[in-house]
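Worksheet: one structure, shown below.
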Amino acid sequence: MARPVIGFLTDFGSDSAAAICRGVILSIVRDAQIVDIDHGVRKFAIGDGAFLLWAALPWLPVGTHLGVVDPGVGTERRPIALQVRRGDVLVGPDNGLLMPAAERLGGIVEARLLENTELMHRERSSTFHGRDVFSPVVGHLAGGVPFAEVGPDVPIDSLVGHAFPTPVRGEGSLDVEVLYVDSFGNVRLSAVPADLGPGERFERERFRIGRAALPFAKTFGEVAQGEPLLYEDSNGMLAIGVNQGSAAERLVLAAGDRVRIAREQ
Amino acid sequence: MARPVIGFLTDFGSDSAAAICRGVILSIVRDAQIVDIDHGVRKFAIGDGAFLLWAALPWLPVGTHLGVVDPGVGTERRPIALQVRRGDVLVGPDNGLLMPAAERLGGIVEARLLENTELMHRERSSTFHGRDVFSPVVGHLAGGVPFAEVGPDVPIDSLVGHAFPTPVRGEGSLDVEVLYVDSFGNVRLSAVPADLGPGERFERERFRIGRAALPFAKTFGEVAQGEPLLYEDSNGMLAIGVNQGSAAERLVLAAGDRVRIAREQ
Amino acid sequence: MARPVIGFLTDFGSDSAAAICRGVILSIVRDAQIVDIDHGVRKFAIGDGAFLLWAALPWLPVGTHLGVVDPGVGTERRPIALQVRRGDVLVGPDNGLLMPAAERLGGIVEARLLENTELMHRERSSTFHGRDVFSPVVGHLAGGVPFAEVGPDVPIDSLVGHAFPTPVRGEGSLDVEVLYVDSFGNVRLSAVPADLGPGERFERERFRIGRAALPFAKTFGEVAQGEPLLYEDSNGMLAIGVNQGSAAERLVLAAGDRVRIAREQ
């Protein structure tokens, strides 16, 4: 039988916290294949974590995945597990972190509250549910414990949502939001290229974002080094890049910012 | 048979050095399950590394663990292996790095000097014992070589110690030391909450650290965003946090600093 | 049968991109042992990546290794696979990244262009060949697809080269280049200690680099804390270090810089 795959994302950074979770999981399922997605997520940035899980999970084998970006640890926010249509289970806090990925994996089939303390660590700290609640539950699920045993059913529409905002088309412009700035400084936007208009048109046009003028191009190397471009990113979404540079620095943009893309006259 | 687990911590940072050690270990035991604890330990910070091993190893399966924070590489400092009561073997430099974890895993049963060059790389560089001495010994131990074969017995009381300092109780105050600042900026202290006095009292009181006034709280979300708190961390120790912020920045504290916690009048 | 080993280096940094590649590989060969070499390579720094692969791959078990530092992604630069004498296959962009490592693993036996789209993702983005081209090819090769199936033969002398520059000996001086600055700030040079002259001489002499005077020493601890030294690094090459400090900061040196090492009079 194939080793169970466990995708694992946190904002724990350089520390032993992610390793402690790995240890807890491996103590329960010794042959787990833990795939670290990222532990350098910006602290407390639920949106960044949500984007990264959404981008990564479709490319991982079906598994039991764990996401922990959890500013509300120890408060009333609920610990949850989501069964999705592709067959994966997603475990983490009910703060929106898991929602875009769940949607992209076919949508939630069943949501459950983590309440079965027999699947958790005996003593639960109030600041490290990654270790005491989430990792042991993930280990048990990956090891074969049935989904329904983690706790009671939760109405799907009661979950804290997190949807990518819809772009707004204006007269010769498109208003979008920055979903994420990747490690190269590429600015990932809440729109697809088709939102700019029919492809045969926008691929020959130039656009303006603030004071920057930029073409739509297929890849970074099509513009001069240091120059910006609009492009279709590897998720099929619209993005702003700079050839061998950082678009986020050049255009002074960060996750959550609103951006107006205007057609150049 | 279960794959042998190898916890692995260094201050090597972003570089190929940790991968080289992994390669050496896997060349000896191809089915090793290497669990990276942290490779972003502050350079040469033996105390930080000691704290992280102490925090992490109890949560890993019993194994052969490797710690390398080694400013004295190539000098007279001894390379050692420690058998601990829980069943693990800890390998690394004799500079205190392994000592708190060894203590927490039940204490040292037997200590040995790494002297058997047949278990090491033929040529030994003077700057990368991680690759030439420690990793091959770890690989051989994990692969089944008996502990006694690594080299001669070393008196346990001859090992370089590293103990967490004892807190000092004063008149309405507690003097402690910063053991570690974690990646969130939480300040981990050398005391347990009970050192503040009986629980039924301190949980209702407020404290002062320098110019900051802070309550004792169960978790970050119990204080307003950006506000400091004293709390019991996930190791059962006393810590200073800031809700969605960095206590180390806010109170200007670093590992090794002395801190006076005063009861507010 | 032993699990196939896959060494993996990128400049993807903290992001989900490396995890996506891991997911693609594991979806094809579920029992792959992916050994992360480094994903914190300086962005677009082909020379740094080349140095790190050269330093690491000899210590990894024979495998199918993937290197992605790829500023020309989506342009005319070719995607290639190199069979080397030791038995490994190296996969990545034809921009020099793989060449020093290939040389150190015995030299290239056969080079092929990645053209067989049946071994790739159906739709290929123009900005993420790591996911769509390189990882699936690596997965298939590691899973047993014969090397010749990836695409047509490429003349070895048509590959983009990347050789470490030859040191130039002058009257009492040696001109070298900085190959790489490691995470400790040690400055790795394009020369071996013997280039300084016969060992029985240079090991007693002092040298000058800019305004710094430094001895040749065996290891960091032989000079006072904060003091610089010349030493033979763990690759047998010449390097500049500072005991518990950063030589790159102290001597203001970066990869690619030229350095004159002068014998002190």
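Every chain in the structure tokens takes a letter, A first, then B, and so on in the order presented; its residues are numbered from 1, and the ligands are numbered from 1 following the presented order.
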
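The residue set within 10 Å of A:Ile80, counting only C-alpha atoms and dropping same-chain residues fewer than 5 places from it, reads A:Leu90, A:Val91, A:Gly92, A:Pro93, A:Asp94, A:Asn95, A:Leu98, A:Ala111, A:Arg112, A:Leu113, A:Leu114, A:Glu115, A:Phe134, A:Val150, A:Gly151, A:Pro152, A:Asp153, A:Val154, A:Leu159.
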
Would you save the residues of that selection, restricted to all heavy atoms, as a CSV table (one decimal), in the first residue's frame?
```
chain,number,residue,atom,x,y,z
A,90,LEU,N,-8.9,17.9,4.6
A,90,LEU,CA,-8.1,19.1,5.0
A,90,LEU,C,-8.4,19.4,6.5
A,90,LEU,O,-9.5,19.5,6.9
A,90,LEU,CB,-8.5,20.3,4.1
A,90,LEU,CG,-7.9,20.4,2.8
A,90,LEU,CD1,-8.0,19.2,1.9
A,90,LEU,CD2,-8.5,21.6,2.0
A,91,VAL,N,-7.3,19.6,7.2
A,91,VAL,CA,-7.4,19.8,8.7
A,91,VAL,C,-6.8,21.2,9.0
A,91,VAL,O,-5.7,21.5,8.5
A,91,VAL,CB,-6.8,18.7,9.5
A,91,VAL,CG1,-6.8,18.9,11.0
A,91,VAL,CG2,-7.5,17.3,9.2
A,92,GLY,N,-7.5,21.9,9.9
A,92,GLY,CA,-6.9,23.2,10.4
A,92,GLY,C,-7.9,24.0,11.1
A,92,GLY,O,-9.0,23.5,11.5
A,93,PRO,N,-7.6,25.3,11.4
A,93,PRO,CA,-8.6,26.1,12.0
A,93,PRO,C,-9.7,26.6,11.1
A,93,PRO,O,-9.4,26.8,9.9
A,93,PRO,CB,-7.7,27.3,12.5
A,93,PRO,CG,-6.6,27.4,11.5
A,93,PRO,CD,-6.3,25.9,11.1
A,94,ASP,N,-10.8,26.9,11.6
A,94,ASP,CA,-12.0,27.4,10.9
A,94,ASP,C,-11.9,28.9,10.8
A,94,ASP,O,-12.6,29.6,11.4
A,94,ASP,CB,-13.3,27.0,11.6
A,94,ASP,CG,-14.5,27.5,10.8
A,94,ASP,OD1,-14.4,27.8,9.6
A,94,ASP,OD2,-15.6,27.7,11.5
A,95,ASN,N,-10.9,29.4,10.0
A,95,ASN,CA,-10.7,30.8,9.8
A,95,ASN,C,-10.6,31.2,8.3
A,95,ASN,O,-10.2,32.3,8.0
A,95,ASN,CB,-9.5,31.3,10.6
A,95,ASN,CG,-8.2,30.6,10.1
A,95,ASN,OD1,-8.2,30.0,9.0
A,95,ASN,ND2,-7.2,30.7,10.9
A,98,LEU,N,-8.5,27.1,4.8
A,98,LEU,CA,-8.6,25.9,4.0
A,98,LEU,C,-9.6,26.0,2.9
A,98,LEU,O,-9.7,25.1,2.0
A,98,LEU,CB,-9.1,24.7,4.9
A,98,LEU,CG,-8.3,24.4,6.2
A,98,LEU,CD1,-9.0,23.4,7.0
A,98,LEU,CD2,-6.9,24.1,5.9
A,111,ALA,N,-18.1,18.5,6.5
A,111,ALA,CA,-17.3,19.2,7.4
A,111,ALA,C,-17.5,18.7,8.8
A,111,ALA,O,-18.7,18.4,9.2
A,111,ALA,CB,-17.5,20.7,7.3
A,112,ARG,N,-16.5,18.6,9.6
A,112,ARG,CA,-16.6,18.1,11.0
A,112,ARG,C,-15.8,18.9,12.0
A,112,ARG,O,-14.7,19.4,11.6
A,112,ARG,CB,-16.2,16.6,11.1
A,112,ARG,CG,-17.2,15.7,10.3
A,112,ARG,CD,-17.2,14.3,10.8
A,112,ARG,NE,-18.3,13.6,10.1
A,112,ARG,CZ,-19.4,13.2,10.8
A,112,ARG,NH1,-19.6,13.5,12.1
A,112,ARG,NH2,-20.4,12.6,10.2
A,113,LEU,N,-16.3,19.0,13.1
A,113,LEU,CA,-15.6,19.7,14.2
A,113,LEU,C,-14.7,18.7,14.9
A,113,LEU,O,-15.1,17.6,15.2
A,113,LEU,CB,-16.7,20.2,15.2
A,113,LEU,CG,-16.3,21.1,16.4
A,113,LEU,CD1,-15.7,22.4,15.8
A,113,LEU,CD2,-17.5,21.3,17.3
A,114,LEU,N,-13.5,19.1,15.2
A,114,LEU,CA,-12.6,18.2,15.9
A,114,LEU,C,-12.9,18.3,17.4
A,114,LEU,O,-12.7,19.3,18.1
A,114,LEU,CB,-11.1,18.7,15.7
A,114,LEU,CG,-10.6,18.8,14.2
A,114,LEU,CD1,-9.1,19.1,14.2
A,114,LEU,CD2,-11.0,17.6,13.4
A,115,GLU,N,-13.6,17.2,17.8
A,115,GLU,CA,-14.0,17.2,19.2
A,115,GLU,C,-13.7,15.9,19.9
A,115,GLU,O,-13.7,15.9,21.2
A,115,GLU,CB,-15.5,17.4,19.2
A,115,GLU,CG,-15.9,18.7,19.9
A,115,GLU,CD,-17.4,18.8,20.1
A,115,GLU,OE1,-18.2,17.8,20.1
A,115,GLU,OE2,-17.9,20.0,20.3
A,134,PHE,N,-4.3,19.4,16.0
A,134,PHE,CA,-4.3,19.1,14.5
A,134,PHE,C,-3.4,17.9,14.1
A,134,PHE,O,-3.9,17.0,13.4
A,134,PHE,CB,-3.9,20.4,13.8
A,134,PHE,CG,-4.8,21.5,14.0
A,134,PHE,CD1,-4.4,22.8,14.4
A,134,PHE,CD2,-6.2,21.4,13.8
A,134,PHE,CE1,-5.2,23.9,14.6
A,134,PHE,CE2,-7.1,22.5,13.9
A,134,PHE,CZ,-6.6,23.7,14.4
A,150,VAL,N,-13.8,12.0,14.0
A,150,VAL,CA,-13.1,13.2,14.5
A,150,VAL,C,-14.0,14.1,15.4
A,150,VAL,O,-13.6,14.8,16.3
A,150,VAL,CB,-12.4,14.0,13.4
A,150,VAL,CG1,-11.4,13.2,12.6
A,150,VAL,CG2,-13.4,14.7,12.5
A,151,GLY,N,-15.3,14.0,15.1
A,151,GLY,CA,-16.3,14.8,15.8
A,151,GLY,C,-17.5,15.1,15.1
A,151,GLY,O,-17.7,14.5,14.0
A,152,PRO,N,-18.4,15.9,15.6
A,152,PRO,CA,-19.8,16.0,15.0
A,152,PRO,C,-19.7,16.8,13.7
A,152,PRO,O,-18.8,17.6,13.4
A,152,PRO,CB,-20.5,16.8,16.1
A,152,PRO,CG,-19.5,17.6,16.8
A,152,PRO,CD,-18.3,16.7,16.8
A,153,ASP,N,-20.7,16.5,12.9
A,153,ASP,CA,-21.0,17.2,11.6
A,153,ASP,C,-21.2,18.7,11.9
A,153,ASP,O,-21.8,19.2,12.8
A,153,ASP,CB,-22.3,16.7,11.1
A,153,ASP,CG,-22.3,16.7,9.6
A,153,ASP,OD1,-21.5,16.0,8.9
A,153,ASP,OD2,-23.2,17.4,9.0
A,154,VAL,N,-20.6,19.5,10.9
A,154,VAL,CA,-20.8,21.0,11.0
A,154,VAL,C,-21.4,21.4,9.7
A,154,VAL,O,-21.0,21.0,8.7
A,154,VAL,CB,-19.4,21.7,11.2
A,154,VAL,CG1,-19.5,23.1,11.0
A,154,VAL,CG2,-18.8,21.3,12.5
A,159,LEU,N,-19.2,27.5,8.1
A,159,LEU,CA,-17.8,27.7,8.1
A,159,LEU,C,-17.4,29.1,7.7
A,159,LEU,O,-18.0,29.8,7.0
A,159,LEU,CB,-17.1,26.7,7.1
A,159,LEU,CG,-17.4,25.2,7.4
A,159,LEU,CD1,-16.9,24.4,6.2
A,159,LEU,CD2,-16.7,24.8,8.7
```

Practice task
Select residues of chain A: the criterion is any atom within 6 Å of an atom of chain C, counting only C-alpha atoms; output as a list in words.
Solution key: Ile37, Asp38, Gly40, Leu52, Ala56, Trp59, Leu60, Pro61, Ser183, Thr219, Gly221 and Ser234 of chain A

Show which residues sit within 12 Å of B:Arg211, as a compact mmCIF listing (two decimals) with N, CA and C atoms, in the first residue's frame. Count only C-alpha atoms, and ignore same-chain residues fewer than 5 positions away.
```txt
# COMPACT_ATOMS: atom_id res chain seq x y z
N PRO B 228 0.70 42.98 25.05
CA PRO B 228 1.52 41.90 25.60
C PRO B 228 0.78 41.09 26.66
N ARG B 250 8.79 44.31 20.97
CA ARG B 250 8.06 45.25 21.81
C ARG B 250 8.79 45.51 23.12
N LEU B 251 9.37 44.46 23.72
CA LEU B 251 10.05 44.64 25.00
C LEU B 251 11.57 44.68 24.83
N VAL B 252 12.04 44.63 23.59
CA VAL B 252 13.47 44.69 23.28
C VAL B 252 14.24 43.65 24.09
N VAL B 259 15.47 39.21 32.90
CA VAL B 259 14.19 39.90 32.94
C VAL B 259 13.65 39.88 34.36
N ARG B 260 13.18 41.05 34.86
CA ARG B 260 12.51 41.06 36.16
C ARG B 260 11.01 41.21 35.95
N ILE B 261 10.27 40.23 36.47
CA ILE B 261 8.80 40.26 36.40
C ILE B 261 8.30 40.73 37.76
N ALA B 262 7.68 41.92 37.80
CA ALA B 262 7.23 42.47 39.08
C ALA B 262 5.71 42.45 39.16
N GLU B 264 2.26 43.89 39.89
CA GLU B 264 1.82 45.28 39.89
C GLU B 264 1.13 45.62 41.19
```

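Using only C-alpha atoms, the shortest contact distance between A:Val192 and any of A:Val137, A:Leu119, A:Val168, A:Ala142 is found at A:Val168.
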
Practice task
Using DSSP on the backbone coordinates, identify the residues of stretch 7-254 of chain C assigned to strand (DSSP E or B); present them as a PyMOL selection string.
Solution key: chain C and resi 7-10+33-38+64-68+79-84+89-93+108-113+153+168-170+173-181+187-189+206-209+212-216+228-232+238-242+245

Handout entry: Residue neighbourhood C:Leu141, 8 Å, only C-alpha atoms, exclusion window fewer than 5 positions, as a VMD selection string
Key = chain C and resid 64 146 to 147
